[in-house]
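Scroll down for the structure; my scribbles are underneath it.
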Amino acid sequence: MTPLPTLRQLQFFMALVRRESFSKAAEDCFVSQSTLSSAIKEMEALMNQQLVDRSTRSFALTPAGEEVAARAPALLAGAEDLVRAASGRRPLEGPFTLGVIPTIAPFILPRAAKAFKKAFPKLDLYLREDLTATLAERLAAGLVDAAILAFPYDLPGIDSVEIGVDPFWFACAPDHPLAEKKKLKRDDINGCELLLLEDGHCLREHAIDACELRDRDAAASFGGTSLFTLAQMTKAGLGATLLPDMAVKDGLAKSAGLKVIPFTDPAPVRTIGVAWRRGSGRKEEAMALAEELKKIFA
């Protein structure tokens with residue numbers, strides 16, 4: 001019989017792959033660094049293959065490690081589904097981990113949490129805020145059961161359902177040349193110095209693509225880490241920005257003293273949806289949460 005690595009060893013290894021640090025991976029797994037390191041060395045001995053390249057200062061996997069990293073998430077997710085199915089727990093009861101990206105979380109979670117608590121009183125909801133790419137990895141690994149994301153975004157092995165659309169507004173300081181416009185065409189903002197989120201935030205690409213910006217160098221002149229930062233930099237007169245409707249309705253532009261101008265139809269939008277791992281046993285629950293979120297968007 002072929003000796004096999006344990007699920008715990010695979011969990012430790014995937015934590016290391018995600019965090020690219022033995023100490024941070026150990027923190028995520030609630031074990032000591034020596035315990036995690038020993039488990040991975042045992043797995044390497046079992047496979048007779050080195051998985052982590054320890055000859056470099058920066059984190060790197062060997063070719064064998066890359067292969068394990070590609071296959072392990074499906075094994076772990078399948079094991080979690082097996083345990084969940086065997087437990088006999090009813091849908092929307094017990095723990096459920098929901099991911100959400102930073103450009104959605106502060107504007108929808110307060111209302112969503114209340115709605116979920118009322119509709120599903122036996123659900124123990126755990127929320128995780130992170131960037132889309134990280135949440136996609138966590139979905140694939142079964143570490144997140146579902147996630148509220150913005151689309152379009154290429155997510156292999158992930159299914160999703162739309163819950164609403166989120167139009168973009170042009171936001172600027174009151175003395176900006178376009179501040180007195182009642183509505184804007186997409187072409188009107190080409191050539192403007194736009195302040196956008198830094199690379200890694202999907203809102204950046206959504207704004208560029210949805211507004212059909214031709215001058216991507218101008219759009220790349222500033223990279224903010226949050227919509228709040230963008231609003232404050234726009235207030236300081238360093239340029240204009242594009243804000244999603246949910247942020248505008250939440251008062252972000254008003255609190256920063258910005259002028260917001262809608263676009264003519266068809267307005268540029270991003271699509272908001274709930275995503276889950278294809279084949280996951282949490283699909284039914286993810287769909288139920290999506291139905292509650294649709295009511296909020298409506």
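Chain identifiers are assigned as A, B, and so on, following the order in which chains appear in the structure tokens; residues are numbered from 1 within each chain, and ligands are numbered from 1 in order of appearance.
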
Quick one: residues within 9 Å of region 46-48 of chain A, only C-alpha atoms, excluding same-chain residues fewer than 6 positions away - as a PDB file with N, CA and C atoms, in the first residue's frame?
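Output file result36.pdb follows:
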```
ATOM      1  N   PRO A   3       2.260   4.671   0.878  1.00  0.00           N
ATOM      2  CA  PRO A   3       2.134   5.583   2.027  1.00  0.00           C
ATOM      3  C   PRO A   3       1.646   6.953   1.556  1.00  0.00           C
ATOM      4  N   LEU A   4       0.707   7.527   2.306  1.00  0.00           N
ATOM      5  CA  LEU A   4       0.096   8.790   1.899  1.00  0.00           C
ATOM      6  C   LEU A   4       0.325   9.875   2.948  1.00  0.00           C
ATOM      7  N   PRO A   5       0.452  11.116   2.515  1.00  0.00           N
ATOM      8  CA  PRO A   5       0.544  12.220   3.482  1.00  0.00           C
ATOM      9  C   PRO A   5      -0.804  12.398   4.177  1.00  0.00           C
TER      10      PRO A   5
END
```

Pull the closest atom pair for each residue of region 58-125 of chain A that gets at most 12 Å from region 165-168 of chain A, along with the distance in Å to one decimal, counting only C-alpha atoms, ordering rows by chain and then ascending residue number, as a Markdown table.
```
| residue | atom | partner | partner_atom | distance |
| --- | --- | --- | --- | --- |
| A:Thr103 | CA | A:Asp166 | CA | 11.1 |
| A:Ile104 | CA | A:Asp166 | CA | 10.0 |
| A:Phe107 | CA | A:Asp166 | CA | 11.6 |
| A:Ile108 | CA | A:Asp166 | CA | 11.7 |
```

Shell of 9 Å around Ala267 (chain A), only C-alpha atoms, local chain residues under 3 positions omitted, as a list in words: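 Counting only the stated atoms, we get Pro167, Phe168, Trp169, Lys185, Arg186, Ala210, Cys211, Pro262, Phe263 and Thr264 of chain A.
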
Could you take the residues named above and write them with N, CA, C and O atoms, as a PDB file, in the first residue's frame?
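The resulting again.pdb:
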```
ATOM      1  N   PRO A 167     -22.975  50.691 -10.472  1.00  0.00           N
ATOM      2  CA  PRO A 167     -22.487  51.684 -11.435  1.00  0.00           C
ATOM      3  C   PRO A 167     -21.335  52.517 -10.879  1.00  0.00           C
ATOM      4  O   PRO A 167     -21.200  52.686  -9.656  1.00  0.00           O
ATOM      5  N   PHE A 168     -20.527  53.056 -11.772  1.00  0.00           N
ATOM      6  CA  PHE A 168     -19.445  53.960 -11.386  1.00  0.00           C
ATOM      7  C   PHE A 168     -19.908  55.413 -11.502  1.00  0.00           C
ATOM      8  O   PHE A 168     -20.675  55.771 -12.390  1.00  0.00           O
ATOM      9  N   TRP A 169     -19.412  56.243 -10.586  1.00  0.00           N
ATOM     10  CA  TRP A 169     -19.603  57.689 -10.625  1.00  0.00           C
ATOM     11  C   TRP A 169     -18.244  58.353 -10.804  1.00  0.00           C
ATOM     12  O   TRP A 169     -17.232  57.857 -10.312  1.00  0.00           O
ATOM     13  N   LYS A 185     -20.076  61.628 -20.553  1.00  0.00           N
ATOM     14  CA  LYS A 185     -19.873  60.486 -21.423  1.00  0.00           C
ATOM     15  C   LYS A 185     -18.531  59.862 -21.045  1.00  0.00           C
ATOM     16  O   LYS A 185     -17.672  60.521 -20.459  1.00  0.00           O
ATOM     17  N   ARG A 186     -18.345  58.609 -21.412  1.00  0.00           N
ATOM     18  CA  ARG A 186     -17.086  57.948 -21.064  1.00  0.00           C
ATOM     19  C   ARG A 186     -15.897  58.667 -21.684  1.00  0.00           C
ATOM     20  O   ARG A 186     -14.833  58.782 -21.067  1.00  0.00           O
ATOM     21  N   ALA A 210     -14.498  49.286 -17.734  1.00  0.00           N
ATOM     22  CA  ALA A 210     -15.890  49.726 -17.828  1.00  0.00           C
ATOM     23  C   ALA A 210     -16.003  51.124 -18.413  1.00  0.00           C
ATOM     24  O   ALA A 210     -16.936  51.424 -19.152  1.00  0.00           O
ATOM     25  N   CYS A 211     -15.040  51.977 -18.090  1.00  0.00           N
ATOM     26  CA  CYS A 211     -15.081  53.357 -18.586  1.00  0.00           C
ATOM     27  C   CYS A 211     -14.319  53.520 -19.896  1.00  0.00           C
ATOM     28  O   CYS A 211     -14.201  54.634 -20.416  1.00  0.00           O
ATOM     29  N   PRO A 262     -22.901  61.445 -12.531  1.00  0.00           N
ATOM     30  CA  PRO A 262     -23.205  60.155 -13.157  1.00  0.00           C
ATOM     31  C   PRO A 262     -22.791  60.142 -14.617  1.00  0.00           C
ATOM     32  O   PRO A 262     -22.555  61.192 -15.225  1.00  0.00           O
ATOM     33  N   PHE A 263     -22.728  58.948 -15.193  1.00  0.00           N
ATOM     34  CA  PHE A 263     -22.436  58.790 -16.607  1.00  0.00           C
ATOM     35  C   PHE A 263     -23.748  58.613 -17.374  1.00  0.00           C
ATOM     36  O   PHE A 263     -24.750  58.147 -16.832  1.00  0.00           O
ATOM     37  N   THR A 264     -23.718  58.988 -18.633  1.00  0.00           N
ATOM     38  CA  THR A 264     -24.876  58.763 -19.490  1.00  0.00           C
ATOM     39  C   THR A 264     -25.058  57.270 -19.725  1.00  0.00           C
ATOM     40  O   THR A 264     -24.112  56.493 -19.630  1.00  0.00           O
TER      41      THR A 264
END
```

I'd like a table as a tab-separated table: residues in region 150-264 of chain A with an atom no more than 9 Å from region 283-294 of chain A, each row giving the shortest atom pair and its distance in Å to one decimal, only C-alpha atoms counted, sorted by chain and rising residue number.
```
residue	atom	partner	partner_atom	distance
A:Asp159	CA	A:Lys283	CA	8.9
A:Ser160	CA	A:Met287	CA	8.8
A:Val161	CA	A:Ala290	CA	7.4
A:Glu162	CA	A:Ala290	CA	7.9
A:Ile163	CA	A:Lys294	CA	4.8
A:Gly164	CA	A:Lys294	CA	6.5
```

Would you save the residues of that selection, restricted to all heavy atoms, as a compact mmCIF listing (two decimals), in the first residue's frame?
```
# COMPACT_ATOMS: atom_id res chain seq x y z
N ASP A 159 -17.84 28.72 -9.45
CA ASP A 159 -19.15 29.10 -9.98
C ASP A 159 -19.65 30.32 -9.23
O ASP A 159 -19.23 30.59 -8.09
CB ASP A 159 -20.16 27.95 -9.83
CG ASP A 159 -19.88 26.81 -10.80
OD1 ASP A 159 -19.29 27.09 -11.87
OD2 ASP A 159 -20.22 25.66 -10.49
N SER A 160 -20.56 31.06 -9.83
CA SER A 160 -21.07 32.27 -9.18
C SER A 160 -22.47 32.59 -9.65
O SER A 160 -22.93 32.08 -10.69
CB SER A 160 -20.14 33.46 -9.48
OG SER A 160 -20.13 33.76 -10.86
N VAL A 161 -23.14 33.46 -8.90
CA VAL A 161 -24.46 33.95 -9.26
C VAL A 161 -24.47 35.47 -9.04
O VAL A 161 -23.92 35.96 -8.05
CB VAL A 161 -25.57 33.27 -8.44
CG1 VAL A 161 -25.41 33.52 -6.96
CG2 VAL A 161 -26.95 33.73 -8.90
N GLU A 162 -25.05 36.20 -9.97
CA GLU A 162 -25.10 37.65 -9.86
C GLU A 162 -26.13 38.08 -8.82
O GLU A 162 -27.22 37.52 -8.74
CB GLU A 162 -25.46 38.26 -11.22
CG GLU A 162 -25.55 39.77 -11.23
CD GLU A 162 -25.95 40.33 -12.58
OE1 GLU A 162 -25.58 39.72 -13.61
OE2 GLU A 162 -26.63 41.37 -12.62
N ILE A 163 -25.77 39.08 -8.03
CA ILE A 163 -26.72 39.62 -7.05
C ILE A 163 -27.06 41.09 -7.33
O ILE A 163 -28.00 41.62 -6.74
CB ILE A 163 -26.18 39.49 -5.61
CG1 ILE A 163 -24.86 40.23 -5.44
CG2 ILE A 163 -26.03 38.02 -5.23
CD1 ILE A 163 -24.34 40.25 -4.01
N GLY A 164 -26.33 41.73 -8.22
CA GLY A 164 -26.64 43.12 -8.55
C GLY A 164 -25.54 43.77 -9.35
O GLY A 164 -24.47 43.18 -9.56
```

Test item: residues at most 12 Å from Thr229 (chain A), only C-alpha atoms, excluding those fewer than 6 positions along its chain, as a count of residues only: 15

Close residues, Lys41 (chain A) itself excluded, 12 Å, only C-alpha atoms, min 5 positions apart in chain, as a list in words: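 What passes the distance filter is Pro5, Gln9, Leu10, Phe12, Phe13, Ser34, Thr35, Leu36, Leu46, Met47, Asn48, Gln49, Gln50, Leu51, Val52, Asp53 and Arg54 of chain A.
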
Between CA of Lys259 (chain A) and CA of Asp209 (chain A), distance in Å (one decimal): 22.6 Å

From region 86-145 of chain A, collect each residue whose DSSP state is alpha helix (DSSP H) and return the set as a tab-separated table (two decimals) with N, CA, C and O atoms, in the first residue's frame.
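That gives us out_18.tsv:
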```
chain	number	residue	atom	x	y	z
A	86	ALA	N	-21.24	13.83	6.10
A	86	ALA	CA	-21.39	12.75	7.07
A	86	ALA	C	-21.92	13.25	8.41
A	86	ALA	O	-22.50	12.48	9.18
A	87	SER	N	-21.72	14.52	8.70
A	87	SER	CA	-22.15	15.06	10.00
A	87	SER	C	-23.66	15.18	10.10
A	87	SER	O	-24.21	15.27	11.20
A	105	ALA	N	-16.90	45.26	1.18
A	105	ALA	CA	-17.12	44.93	2.58
A	105	ALA	C	-17.75	46.04	3.42
A	105	ALA	O	-18.79	45.82	4.07
A	106	PRO	N	-17.16	47.25	3.46
A	106	PRO	CA	-17.72	48.26	4.38
A	106	PRO	C	-19.09	48.78	3.98
A	106	PRO	O	-19.80	49.36	4.81
A	107	PHE	N	-19.48	48.58	2.74
A	107	PHE	CA	-20.73	49.16	2.26
A	107	PHE	C	-21.90	48.18	2.27
A	107	PHE	O	-23.05	48.60	2.26
A	108	ILE	N	-21.60	46.89	2.30
A	108	ILE	CA	-22.68	45.91	2.24
A	108	ILE	C	-22.75	45.00	3.47
A	108	ILE	O	-23.83	44.52	3.84
A	109	LEU	N	-21.62	44.79	4.15
A	109	LEU	CA	-21.61	43.85	5.26
A	109	LEU	C	-22.51	44.24	6.44
A	109	LEU	O	-23.16	43.37	7.03
A	110	PRO	N	-22.56	45.52	6.84
A	110	PRO	CA	-23.43	45.85	7.98
A	110	PRO	C	-24.88	45.44	7.76
A	110	PRO	O	-25.52	44.86	8.65
A	111	ARG	N	-25.41	45.72	6.56
A	111	ARG	CA	-26.79	45.34	6.26
A	111	ARG	C	-26.90	43.83	6.04
A	111	ARG	O	-27.88	43.21	6.45
A	112	ALA	N	-25.91	43.26	5.38
A	112	ALA	CA	-25.95	41.83	5.08
A	112	ALA	C	-25.91	41.00	6.35
A	112	ALA	O	-26.64	40.01	6.48
A	113	ALA	N	-25.07	41.38	7.30
A	113	ALA	CA	-24.95	40.62	8.54
A	113	ALA	C	-26.28	40.58	9.29
A	113	ALA	O	-26.68	39.54	9.83
A	114	LYS	N	-26.97	41.72	9.32
A	114	LYS	CA	-28.28	41.77	9.99
A	114	LYS	C	-29.30	40.89	9.26
A	114	LYS	O	-30.08	40.18	9.89
A	115	ALA	N	-29.27	40.96	7.92
A	115	ALA	CA	-30.21	40.17	7.13
A	115	ALA	C	-29.97	38.68	7.31
A	115	ALA	O	-30.91	37.89	7.46
A	116	PHE	N	-28.70	38.27	7.33
A	116	PHE	CA	-28.37	36.86	7.50
A	116	PHE	C	-28.78	36.37	8.89
A	116	PHE	O	-29.28	35.25	9.04
A	117	LYS	N	-28.56	37.19	9.90
A	117	LYS	CA	-28.89	36.79	11.27
A	117	LYS	C	-30.39	36.58	11.42
A	117	LYS	O	-30.84	35.66	12.11
A	118	LYS	N	-31.17	37.43	10.75
A	118	LYS	CA	-32.62	37.31	10.83
A	118	LYS	C	-33.13	36.11	10.03
A	118	LYS	O	-33.99	35.36	10.50
A	119	ALA	N	-32.58	35.91	8.83
A	119	ALA	CA	-33.06	34.84	7.95
A	119	ALA	C	-32.53	33.47	8.35
A	119	ALA	O	-33.22	32.46	8.19
A	132	THR	N	-9.37	39.75	-4.26
A	132	THR	CA	-10.03	38.71	-5.04
A	132	THR	C	-9.13	37.50	-5.27
A	132	THR	O	-9.57	36.35	-5.12
A	133	ALA	N	-7.89	37.72	-5.65
A	133	ALA	CA	-6.98	36.61	-5.96
A	133	ALA	C	-6.80	35.70	-4.75
A	133	ALA	O	-6.80	34.47	-4.87
A	134	THR	N	-6.65	36.30	-3.56
A	134	THR	CA	-6.47	35.50	-2.34
A	134	THR	C	-7.74	34.74	-2.00
A	134	THR	O	-7.69	33.56	-1.61
A	135	LEU	N	-8.89	35.40	-2.13
A	135	LEU	CA	-10.16	34.73	-1.84
A	135	LEU	C	-10.40	33.57	-2.81
A	135	LEU	O	-10.95	32.53	-2.42
A	136	ALA	N	-9.99	33.75	-4.07
A	136	ALA	CA	-10.14	32.66	-5.05
A	136	ALA	C	-9.32	31.45	-4.63
A	136	ALA	O	-9.78	30.31	-4.74
A	137	GLU	N	-8.11	31.69	-4.13
A	137	GLU	CA	-7.26	30.60	-3.66
A	137	GLU	C	-7.90	29.92	-2.45
A	137	GLU	O	-7.90	28.69	-2.33
A	138	ARG	N	-8.47	30.70	-1.56
A	138	ARG	CA	-9.09	30.15	-0.36
A	138	ARG	C	-10.37	29.39	-0.71
A	138	ARG	O	-10.69	28.38	-0.06
A	139	LEU	N	-11.10	29.86	-1.71
A	139	LEU	CA	-12.27	29.12	-2.17
A	139	LEU	C	-11.86	27.75	-2.70
A	139	LEU	O	-12.47	26.72	-2.38
A	140	ALA	N	-10.83	27.74	-3.53
A	140	ALA	CA	-10.36	26.49	-4.13
A	140	ALA	C	-9.87	25.51	-3.08
A	140	ALA	O	-10.01	24.29	-3.22
A	141	ALA	N	-9.28	26.04	-2.00
A	141	ALA	CA	-8.73	25.19	-0.95
A	141	ALA	C	-9.76	24.80	0.10
A	141	ALA	O	-9.46	24.04	1.01
```
